[in-house]
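Only one structure is covered here, and it is reproduced in the block below.
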Amino acid sequence: MDLENQKRVKDFAEEYGPENIVVILGAAEGEAAGLAAETVTAGDPTFAGPLTGVQLGLTTYHVCEPEVKEEFDEAIYDEQVSMMEMVLDIDDIISEMSSIRDEFCQYL
């Protein structure tokens with residue numbers, strides 16, 4: 001997650017309260033999604049950005065996870081996400097995201 005997005009997430013959590021924020025990720029690999037999820041829950045593991053040492057504990061999901069997918073209008077999801085979903089390792093992404101949520105999320 002780039003430094004600008006880290007700052008945005010931190011600012012939103014401060015403004016609205018971390019219990020009111022859900023971060024939806026769209027990374028193409030489980031490891032990349034997990035790194036971004038870890039950043040907004042446990043703090044920036046690269047020690048380079050605004051979330052270094054900041055444990056927000058935010059709830060995080062990947063856009064392809066069933067819990068999120070069912071919230072979208074089916075036609076819009078098909079138009080915007082489904083083509084990419086066909087080439088992703090969804091099981092790996094779900095496993096990575098579930099692991100991060102179980103370990104670090106404070107507001108499920």
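Residues are referred to by chain and number: the chain letter is A, B, ... according to the order shown in the structure tokens, the number counts from 1 in that chain, and ligands are numbered separately from 1 in the order shown.
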message: Which of region 1-47 of chain A end up as strand (DSSP E or B) when DSSP is run on this backbone - answer as a PyMOL selection string?
response: chain A and resi 22-25
- request: Write out as a list of chain:residue names which residues come within 8 Å of Ile100 (chain A) when counting only C-alpha atoms, dropping same-chain ones fewer than 4 positions away.
  value: A:Gly34, A:Ala37, A:Glu38, A:Glu96, A:Phe104, A:Cys105
Please produce a file of those selected residues containing C-alpha atoms, as a short mmCIF file (atom, residue, chain, number, x, y, z; two decimals), in the first residue's frame.
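Dumped to selection.cif:
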data_model
loop_
_atom_site.label_atom_id
_atom_site.label_comp_id
_atom_site.auth_asym_id
_atom_site.auth_seq_id
_atom_site.Cartn_x
_atom_site.Cartn_y
_atom_site.Cartn_z
CA GLY A 34 -2.27 -9.77 2.89
CA ALA A 37 -4.40 -5.86 5.01
CA GLU A 38 -1.59 -6.16 7.54
CA GLU A 96 -4.55 -14.86 3.39
CA PHE A 104 -5.25 -8.43 13.70
CA CYS A 105 -8.76 -7.12 13.03
#
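One finds CA of Ala13 (chain A) at 8.3 Å from CA of Leu58 (chain A).
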Considering only C-alpha atoms, give me a table of residues in region 19-82 of chain A that are at most 8 Å from region 8-12 of chain A, with the closest atom pair and distance in Å for each, as JSON lines.
{"residue": "A:Ile21", "atom": "CA", "partner": "A:Phe12", "partner_atom": "CA", "distance": 7.6}
{"residue": "A:Val40", "atom": "CA", "partner": "A:Val9", "partner_atom": "CA", "distance": 7.4}
{"residue": "A:Pro50", "atom": "CA", "partner": "A:Lys10", "partner_atom": "CA", "distance": 7.6}
{"residue": "A:Leu51", "atom": "CA", "partner": "A:Lys10", "partner_atom": "CA", "distance": 7.1}
{"residue": "A:Leu56", "atom": "CA", "partner": "A:Lys10", "partner_atom": "CA", "distance": 7.9}
Pairwise distance for CA of Asn20 (chain A) and CA of Thr59 (chain A), rounded to one decimal in Å: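 Here the two named atoms are 9.0 Å from each other.
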message: What's around Pro66 (chain A) at 12 Å? Count only C-alpha atoms, leave out sequence neighbours fewer than 6 positions away in its own chain, and write the answer as a list in words.
response: Phe72, Tyr77, Glu85, Ile90, Asp91, Ile93, Ile94, Met97 and Ser98 of chain A
- prompt: Could you pull out all residues of chain A with a DSSP call of alpha helix (DSSP H) and give them as a ChimeraX atom specification?
  reply: /A:3-16,30-41,66-69,74-77,83-85,90-104
field: Distance query Thr39 (chain A) at most 10 Å, only C-alpha atoms, self and fewer than 3 positions along chain excluded, as a ChimeraX atom specification
entry: /A:1,6,33-36,42-47,49-58
message: My list of candidates is A:Thr60, A:Leu25, A:Glu15, A:Lys7. Which is closest to Arg101 (chain A) when distances are computed with only C-alpha atoms?
response: A:Thr60
